[in-house]
Amino acid sequence: MIFRTLGIFLIFLGLVSIFLRRNERRDRTKWQSFWKRESQSNLTLPQDISQLNYVDLSGVTLPFALFQDDELHQCEQQVLDLREQKILNLNGISNTDLKLQYGVANLGSLTRYDQNFILLVRTLNQWGHRLYELSHPEEAKTVLLFAVSIGSDIKATYELLLHIYLESGERSGIEHLKHSADQLTSLRKDSILAMLENA
């Protein structure tokens, strides 16, 4: 009985050892691949980034200066300030991929443009929520739909739009939201889609 138990234990140890070695080999290969790509990316020459898909705020119609409220004013002013900046949605693209595609010399600028995008969609989310709190659902919808149209992956933006559509009985709007969420490339895509599917 003791020998049988010992035998089972030794077999178990052997299986664990094989599993750990296999994982170690896989991790080593993964890291080697990462560092190879990272080295290549640091040697990539600068590429032209002037024709990328920048967010253009110049012709956008949003509900500016319609209501008296300090928080609304702050959001509106932030969006107006961003009109003077380059804005680029780089959700789901790693720094290594950016360097490989556009060159290491452009990484600083691209990072700044992506930070502008993050600030923009956060501001639009805050603006839309404040409009809704102040009983202006149509204006809130306009702001939040613009955020969705430029690729926002903020779940709260989709949640409030879903709520507005359910309140007004606009099922077609929910289908539009699902389609937009399906185009996302960020990690939040699945949770947003799951929320919309459960509506």
# chains A, B, ... in the order shown; residues from 1 in each chain; ligands from 1
$ residues_around --residues "A:Thr142" --least-positions-apart "5" --cutoff "9 Å" --atoms "only C-alpha atoms" --output "PyMOL selection string"
chain A and resi 61-63+128+137+147
$ residues_around --residues "A:Glu139" --least-positions-apart "5" --cutoff "12 Å" --atoms "only C-alpha atoms" --output "short mmCIF file (atom, residue, chain, number, x, y, z; two decimals) with N, CA, C and O atoms, in the first residue's frame"
data_model
loop_
_atom_site.label_atom_id
_atom_site.label_comp_id
_atom_site.auth_asym_id
_atom_site.auth_seq_id
_atom_site.Cartn_x
_atom_site.Cartn_y
_atom_site.Cartn_z
N THR A 61 -20.95 69.04 -34.69
CA THR A 61 -22.03 69.81 -34.06
C THR A 61 -22.37 69.17 -32.71
O THR A 61 -22.92 68.08 -32.64
N LEU A 62 -22.00 69.86 -31.64
CA LEU A 62 -22.28 69.40 -30.29
C LEU A 62 -23.01 70.51 -29.52
O LEU A 62 -22.92 71.68 -29.90
N PRO A 63 -23.72 70.17 -28.45
CA PRO A 63 -24.55 71.16 -27.75
C PRO A 63 -23.75 72.11 -26.86
O PRO A 63 -23.82 72.05 -25.63
N PHE A 64 -22.98 73.00 -27.49
CA PHE A 64 -22.20 73.98 -26.75
C PHE A 64 -23.08 75.13 -26.26
O PHE A 64 -23.95 75.61 -26.99
N ALA A 65 -22.80 75.58 -25.04
CA ALA A 65 -23.37 76.83 -24.48
C ALA A 65 -24.90 76.90 -24.53
O ALA A 65 -25.48 77.96 -24.72
N LEU A 66 -25.55 75.76 -24.33
CA LEU A 66 -27.01 75.76 -24.31
C LEU A 66 -27.58 75.92 -22.91
O LEU A 66 -28.69 76.41 -22.73
N PHE A 67 -26.81 75.48 -21.92
CA PHE A 67 -27.31 75.47 -20.54
C PHE A 67 -26.28 76.05 -19.59
O PHE A 67 -25.07 75.91 -19.80
N LEU A 72 -20.80 71.54 -16.96
CA LEU A 72 -20.99 71.53 -18.41
C LEU A 72 -19.99 72.46 -19.09
O LEU A 72 -19.38 72.11 -20.10
N LEU A 124 -16.09 63.70 -23.00
CA LEU A 124 -17.40 63.50 -23.64
C LEU A 124 -18.31 62.65 -22.75
O LEU A 124 -19.51 62.93 -22.63
N TRP A 127 -19.44 64.90 -19.92
CA TRP A 127 -20.36 65.89 -20.45
C TRP A 127 -21.75 65.26 -20.68
O TRP A 127 -22.78 65.82 -20.28
N GLY A 128 -21.77 64.09 -21.33
CA GLY A 128 -23.04 63.43 -21.60
C GLY A 128 -23.78 63.05 -20.32
O GLY A 128 -25.00 63.23 -20.22
N HIS A 129 -23.04 62.56 -19.34
CA HIS A 129 -23.67 62.19 -18.07
C HIS A 129 -24.24 63.41 -17.35
O HIS A 129 -25.33 63.34 -16.77
N ARG A 130 -23.49 64.52 -17.40
CA ARG A 130 -23.99 65.72 -16.73
C ARG A 130 -25.24 66.25 -17.42
O ARG A 130 -26.20 66.68 -16.76
N LEU A 131 -25.26 66.22 -18.74
CA LEU A 131 -26.46 66.64 -19.47
C LEU A 131 -27.66 65.78 -19.07
O LEU A 131 -28.77 66.30 -18.88
N TYR A 132 -27.45 64.49 -18.95
CA TYR A 132 -28.55 63.60 -18.57
C TYR A 132 -29.02 63.90 -17.15
O TYR A 132 -30.23 63.92 -16.88
N GLU A 133 -28.07 64.14 -16.25
CA GLU A 133 -28.42 64.49 -14.86
C GLU A 133 -29.28 65.75 -14.80
O GLU A 133 -30.15 65.88 -13.94
N LEU A 134 -29.04 66.65 -15.74
CA LEU A 134 -29.78 67.92 -15.78
C LEU A 134 -31.05 67.82 -16.63
O LEU A 134 -31.63 68.83 -17.02
N LEU A 144 -22.76 61.63 -26.44
CA LEU A 144 -22.29 60.26 -26.24
C LEU A 144 -22.19 59.50 -27.56
O LEU A 144 -21.27 58.68 -27.75
N LEU A 145 -23.09 59.77 -28.49
CA LEU A 145 -23.01 59.12 -29.80
C LEU A 145 -21.77 59.57 -30.57
O LEU A 145 -21.17 58.78 -31.31
N PHE A 146 -21.38 60.82 -30.39
CA PHE A 146 -20.15 61.27 -31.02
C PHE A 146 -18.96 60.50 -30.44
O PHE A 146 -18.06 60.08 -31.17
N LEU A 161 -26.15 55.46 -22.93
CA LEU A 161 -26.86 55.45 -24.22
C LEU A 161 -27.90 54.33 -24.25
O LEU A 161 -29.03 54.53 -24.72
N ILE A 164 -30.85 55.44 -22.26
CA ILE A 164 -31.65 56.44 -22.99
C ILE A 164 -32.49 55.76 -24.07
O ILE A 164 -33.68 56.07 -24.25
#
$ select_by_dssp --residues "stretch 45-140 of chain A" --states "helix (DSSP H, G or I)" --output "PDB file with N, CA and C atoms, in the first residue's frame"
ATOM      1  N   ASP A  70     -21.698  74.917 -14.325  1.00  0.00           N
ATOM      2  CA  ASP A  70     -20.235  74.986 -14.271  1.00  0.00           C
ATOM      3  C   ASP A  70     -19.570  73.728 -14.818  1.00  0.00           C
ATOM      4  N   GLU A  71     -20.106  72.564 -14.453  1.00  0.00           N
ATOM      5  CA  GLU A  71     -19.495  71.315 -14.930  1.00  0.00           C
ATOM      6  C   GLU A  71     -19.639  71.176 -16.434  1.00  0.00           C
ATOM      7  N   LEU A  72     -20.803  71.543 -16.957  1.00  0.00           N
ATOM      8  CA  LEU A  72     -20.988  71.526 -18.414  1.00  0.00           C
ATOM      9  C   LEU A  72     -19.986  72.462 -19.089  1.00  0.00           C
ATOM     10  N   HIS A  73     -19.832  73.641 -18.519  1.00  0.00           N
ATOM     11  CA  HIS A  73     -18.915  74.625 -19.105  1.00  0.00           C
ATOM     12  C   HIS A  73     -17.482  74.087 -19.136  1.00  0.00           C
ATOM     13  N   GLN A  74     -17.070  73.423 -18.064  1.00  0.00           N
ATOM     14  CA  GLN A  74     -15.717  72.868 -18.021  1.00  0.00           C
ATOM     15  C   GLN A  74     -15.519  71.802 -19.100  1.00  0.00           C
ATOM     16  N   CYS A  75     -16.505  70.944 -19.262  1.00  0.00           N
ATOM     17  CA  CYS A  75     -16.425  69.906 -20.300  1.00  0.00           C
ATOM     18  C   CYS A  75     -16.371  70.521 -21.691  1.00  0.00           C
ATOM     19  N   GLU A  76     -17.251  71.495 -21.922  1.00  0.00           N
ATOM     20  CA  GLU A  76     -17.291  72.157 -23.226  1.00  0.00           C
ATOM     21  C   GLU A  76     -15.954  72.824 -23.531  1.00  0.00           C
ATOM     22  N   GLN A  77     -15.382  73.505 -22.532  1.00  0.00           N
ATOM     23  CA  GLN A  77     -14.117  74.203 -22.741  1.00  0.00           C
ATOM     24  C   GLN A  77     -12.988  73.218 -23.029  1.00  0.00           C
ATOM     25  N   GLN A  78     -13.011  72.078 -22.360  1.00  0.00           N
ATOM     26  CA  GLN A  78     -11.974  71.062 -22.597  1.00  0.00           C
ATOM     27  C   GLN A  78     -12.039  70.551 -24.040  1.00  0.00           C
ATOM     28  N   VAL A  79     -13.248  70.303 -24.525  1.00  0.00           N
ATOM     29  CA  VAL A  79     -13.398  69.849 -25.913  1.00  0.00           C
ATOM     30  C   VAL A  79     -12.945  70.934 -26.887  1.00  0.00           C
ATOM     31  N   LEU A  80     -13.302  72.172 -26.610  1.00  0.00           N
ATOM     32  CA  LEU A  80     -12.860  73.283 -27.477  1.00  0.00           C
ATOM     33  C   LEU A  80     -11.345  73.406 -27.484  1.00  0.00           C
ATOM     34  N   ASP A  81     -10.710  73.220 -26.334  1.00  0.00           N
ATOM     35  CA  ASP A  81      -9.244  73.277 -26.264  1.00  0.00           C
ATOM     36  C   ASP A  81      -8.605  72.162 -27.080  1.00  0.00           C
ATOM     37  N   LEU A  82      -9.243  71.001 -27.085  1.00  0.00           N
ATOM     38  CA  LEU A  82      -8.691  69.864 -27.830  1.00  0.00           C
ATOM     39  C   LEU A  82      -8.807  70.035 -29.341  1.00  0.00           C
ATOM     40  N   ASN A  95       3.061  49.805 -27.865  1.00  0.00           N
ATOM     41  CA  ASN A  95       4.167  50.699 -28.221  1.00  0.00           C
ATOM     42  C   ASN A  95       5.110  50.025 -29.202  1.00  0.00           C
ATOM     43  N   THR A  96       5.345  48.734 -29.026  1.00  0.00           N
ATOM     44  CA  THR A  96       6.226  47.998 -29.949  1.00  0.00           C
ATOM     45  C   THR A  96       5.655  48.029 -31.353  1.00  0.00           C
ATOM     46  N   ASP A  97       4.346  47.789 -31.481  1.00  0.00           N
ATOM     47  CA  ASP A  97       3.703  47.812 -32.803  1.00  0.00           C
ATOM     48  C   ASP A  97       3.757  49.214 -33.415  1.00  0.00           C
ATOM     49  N   LEU A  98       3.572  50.235 -32.589  1.00  0.00           N
ATOM     50  CA  LEU A  98       3.651  51.608 -33.080  1.00  0.00           C
ATOM     51  C   LEU A  98       5.044  51.910 -33.629  1.00  0.00           C
ATOM     52  N   LYS A  99       6.075  51.489 -32.893  1.00  0.00           N
ATOM     53  CA  LYS A  99       7.452  51.736 -33.340  1.00  0.00           C
ATOM     54  C   LYS A  99       7.760  50.956 -34.605  1.00  0.00           C
ATOM     55  N   LEU A 100       7.282  49.714 -34.685  1.00  0.00           N
ATOM     56  CA  LEU A 100       7.517  48.900 -35.883  1.00  0.00           C
ATOM     57  C   LEU A 100       6.873  49.526 -37.114  1.00  0.00           C
ATOM     58  N   GLN A 101       5.684  50.100 -36.915  1.00  0.00           N
ATOM     59  CA  GLN A 101       4.936  50.643 -38.048  1.00  0.00           C
ATOM     60  C   GLN A 101       5.357  52.054 -38.427  1.00  0.00           C
ATOM     61  N   TYR A 102       5.666  52.891 -37.428  1.00  0.00           N
ATOM     62  CA  TYR A 102       5.895  54.310 -37.714  1.00  0.00           C
ATOM     63  C   TYR A 102       7.274  54.820 -37.315  1.00  0.00           C
ATOM     64  N   VAL A 104      10.582  54.614 -34.196  1.00  0.00           N
ATOM     65  CA  VAL A 104      10.733  54.971 -32.788  1.00  0.00           C
ATOM     66  C   VAL A 104      10.681  56.491 -32.589  1.00  0.00           C
ATOM     67  N   ALA A 105      11.132  57.253 -33.589  1.00  0.00           N
ATOM     68  CA  ALA A 105      11.158  58.718 -33.459  1.00  0.00           C
ATOM     69  C   ALA A 105       9.755  59.316 -33.361  1.00  0.00           C
ATOM     70  N   ASN A 106       8.747  58.592 -33.860  1.00  0.00           N
ATOM     71  CA  ASN A 106       7.364  59.102 -33.816  1.00  0.00           C
ATOM     72  C   ASN A 106       6.604  58.674 -32.566  1.00  0.00           C
ATOM     73  N   LEU A 107       7.212  57.825 -31.733  1.00  0.00           N
ATOM     74  CA  LEU A 107       6.478  57.267 -30.597  1.00  0.00           C
ATOM     75  C   LEU A 107       5.994  58.351 -29.631  1.00  0.00           C
ATOM     76  N   GLY A 108       6.834  59.347 -29.347  1.00  0.00           N
ATOM     77  CA  GLY A 108       6.441  60.414 -28.422  1.00  0.00           C
ATOM     78  C   GLY A 108       5.223  61.174 -28.910  1.00  0.00           C
ATOM     79  N   SER A 109       5.228  61.529 -30.188  1.00  0.00           N
ATOM     80  CA  SER A 109       4.089  62.269 -30.758  1.00  0.00           C
ATOM     81  C   SER A 109       2.832  61.412 -30.765  1.00  0.00           C
ATOM     82  N   LEU A 110       2.964  60.154 -31.183  1.00  0.00           N
ATOM     83  CA  LEU A 110       1.799  59.267 -31.234  1.00  0.00           C
ATOM     84  C   LEU A 110       1.212  59.036 -29.847  1.00  0.00           C
ATOM     85  N   THR A 111       2.077  58.906 -28.856  1.00  0.00           N
ATOM     86  CA  THR A 111       1.607  58.733 -27.478  1.00  0.00           C
ATOM     87  C   THR A 111       0.827  59.961 -27.021  1.00  0.00           C
ATOM     88  N   ARG A 112       1.323  61.136 -27.364  1.00  0.00           N
ATOM     89  CA  ARG A 112       0.645  62.391 -27.000  1.00  0.00           C
ATOM     90  C   ARG A 112      -0.718  62.476 -27.684  1.00  0.00           C
ATOM     91  N   TYR A 113      -0.791  62.105 -28.952  1.00  0.00           N
ATOM     92  CA  TYR A 113      -2.061  62.154 -29.685  1.00  0.00           C
ATOM     93  C   TYR A 113      -3.059  61.156 -29.092  1.00  0.00           C
ATOM     94  N   ASP A 114      -2.561  60.005 -28.649  1.00  0.00           N
ATOM     95  CA  ASP A 114      -3.419  59.001 -28.025  1.00  0.00           C
ATOM     96  C   ASP A 114      -3.918  59.490 -26.667  1.00  0.00           C
ATOM     97  N   GLN A 115      -3.065  60.172 -25.914  1.00  0.00           N
ATOM     98  CA  GLN A 115      -3.489  60.742 -24.627  1.00  0.00           C
ATOM     99  C   GLN A 115      -4.566  61.802 -24.834  1.00  0.00           C
ATOM    100  N   ASN A 116      -4.458  62.560 -25.920  1.00  0.00           N
ATOM    101  CA  ASN A 116      -5.503  63.536 -26.261  1.00  0.00           C
ATOM    102  C   ASN A 116      -6.830  62.823 -26.524  1.00  0.00           C
ATOM    103  N   PHE A 117      -6.753  61.669 -27.185  1.00  0.00           N
ATOM    104  CA  PHE A 117      -7.970  60.896 -27.465  1.00  0.00           C
ATOM    105  C   PHE A 117      -8.612  60.419 -26.156  1.00  0.00           C
ATOM    106  N   ILE A 118      -7.788  59.899 -25.261  1.00  0.00           N
ATOM    107  CA  ILE A 118      -8.303  59.407 -23.973  1.00  0.00           C
ATOM    108  C   ILE A 118      -8.969  60.546 -23.205  1.00  0.00           C
ATOM    109  N   LEU A 119      -8.319  61.716 -23.193  1.00  0.00           N
ATOM    110  CA  LEU A 119      -8.903  62.882 -22.521  1.00  0.00           C
ATOM    111  C   LEU A 119     -10.222  63.273 -23.178  1.00  0.00           C
ATOM    112  N   LEU A 120     -10.270  63.230 -24.494  1.00  0.00           N
ATOM    113  CA  LEU A 120     -11.491  63.608 -25.216  1.00  0.00           C
ATOM    114  C   LEU A 120     -12.652  62.684 -24.867  1.00  0.00           C
ATOM    115  N   VAL A 121     -12.451  61.369 -24.954  1.00  0.00           N
ATOM    116  CA  VAL A 121     -13.589  60.465 -24.716  1.00  0.00           C
ATOM    117  C   VAL A 121     -14.023  60.488 -23.243  1.00  0.00           C
ATOM    118  N   ARG A 122     -13.073  60.712 -22.333  1.00  0.00           N
ATOM    119  CA  ARG A 122     -13.450  60.851 -20.918  1.00  0.00           C
ATOM    120  C   ARG A 122     -14.279  62.124 -20.695  1.00  0.00           C
ATOM    121  N   THR A 123     -13.871  63.188 -21.364  1.00  0.00           N
ATOM    122  CA  THR A 123     -14.598  64.455 -21.237  1.00  0.00           C
ATOM    123  C   THR A 123     -15.989  64.340 -21.844  1.00  0.00           C
ATOM    124  N   LEU A 124     -16.092  63.698 -23.003  1.00  0.00           N
ATOM    125  CA  LEU A 124     -17.403  63.501 -23.635  1.00  0.00           C
ATOM    126  C   LEU A 124     -18.308  62.655 -22.745  1.00  0.00           C
ATOM    127  N   ASN A 125     -17.752  61.638 -22.114  1.00  0.00           N
ATOM    128  CA  ASN A 125     -18.532  60.801 -21.206  1.00  0.00           C
ATOM    129  C   ASN A 125     -19.057  61.630 -20.030  1.00  0.00           C
ATOM    130  N   GLN A 126     -18.187  62.442 -19.444  1.00  0.00           N
ATOM    131  CA  GLN A 126     -18.595  63.294 -18.320  1.00  0.00           C
ATOM    132  C   GLN A 126     -19.646  64.305 -18.756  1.00  0.00           C
ATOM    133  N   TRP A 127     -19.441  64.898 -19.917  1.00  0.00           N
ATOM    134  CA  TRP A 127     -20.362  65.890 -20.454  1.00  0.00           C
ATOM    135  C   TRP A 127     -21.747  65.265 -20.681  1.00  0.00           C
ATOM    136  N   GLY A 128     -21.770  64.091 -21.331  1.00  0.00           N
ATOM    137  CA  GLY A 128     -23.041  63.425 -21.596  1.00  0.00           C
ATOM    138  C   GLY A 128     -23.776  63.054 -20.324  1.00  0.00           C
ATOM    139  N   HIS A 129     -23.038  62.559 -19.337  1.00  0.00           N
ATOM    140  CA  HIS A 129     -23.670  62.188 -18.074  1.00  0.00           C
ATOM    141  C   HIS A 129     -24.242  63.414 -17.346  1.00  0.00           C
ATOM    142  N   ARG A 130     -23.489  64.515 -17.403  1.00  0.00           N
ATOM    143  CA  ARG A 130     -23.988  65.722 -16.730  1.00  0.00           C
ATOM    144  C   ARG A 130     -25.242  66.255 -17.422  1.00  0.00           C
ATOM    145  N   LEU A 131     -25.261  66.216 -18.742  1.00  0.00           N
ATOM    146  CA  LEU A 131     -26.458  66.636 -19.471  1.00  0.00           C
ATOM    147  C   LEU A 131     -27.662  65.785 -19.075  1.00  0.00           C
ATOM    148  N   TYR A 132     -27.445  64.489 -18.952  1.00  0.00           N
ATOM    149  CA  TYR A 132     -28.550  63.599 -18.573  1.00  0.00           C
ATOM    150  C   TYR A 132     -29.023  63.899 -17.153  1.00  0.00           C
ATOM    151  N   GLU A 133     -28.069  64.143 -16.250  1.00  0.00           N
ATOM    152  CA  GLU A 133     -28.422  64.485 -14.861  1.00  0.00           C
ATOM    153  C   GLU A 133     -29.281  65.745 -14.802  1.00  0.00           C
ATOM    154  N   PRO A 137     -31.799  64.620 -22.077  1.00  0.00           N
ATOM    155  CA  PRO A 137     -31.387  63.340 -22.662  1.00  0.00           C
ATOM    156  C   PRO A 137     -31.013  63.409 -24.149  1.00  0.00           C
ATOM    157  N   GLU A 138     -31.677  64.254 -24.918  1.00  0.00           N
ATOM    158  CA  GLU A 138     -31.350  64.339 -26.351  1.00  0.00           C
ATOM    159  C   GLU A 138     -29.950  64.907 -26.568  1.00  0.00           C
ATOM    160  N   GLU A 139     -29.626  65.950 -25.810  1.00  0.00           N
ATOM    161  CA  GLU A 139     -28.286  66.538 -25.921  1.00  0.00           C
ATOM    162  C   GLU A 139     -27.230  65.551 -25.410  1.00  0.00           C
ATOM    163  N   ALA A 140     -27.573  64.826 -24.332  1.00  0.00           N
ATOM    164  CA  ALA A 140     -26.660  63.804 -23.809  1.00  0.00           C
ATOM    165  C   ALA A 140     -26.396  62.741 -24.872  1.00  0.00           C
TER     166      ALA A 140
END
$ atom_distance --atom1 "atom CA of A:Leu162" --atom2 "atom CA of A:Leu187"
19.9 Å
$ closest_residue --among "A:Asp153, A:Ala199, A:His179, A:Arg83" --to "A:Leu166" --atoms "only C-alpha atoms"
A:Ala199
$ atom_distance --atom1 "atom CA of A:Asn42" --atom2 "atom CA of A:Gly151"
28.4 Å
$ atom_distance --atom1 "atom CA of A:Asn91" --atom2 "atom CA of A:Thr185"
6.3 Å
$ closest_residue --among "A:His163, A:Lys155, A:Arg171, A:Lys178" --to "A:Ser191" --atoms "only C-alpha atoms"
A:Lys155
$ closest_residue --among "A:Val55, A:Val60, A:Leu45, A:Met195" --to "A:Ala156" --atoms "only C-alpha atoms"
A:Met195
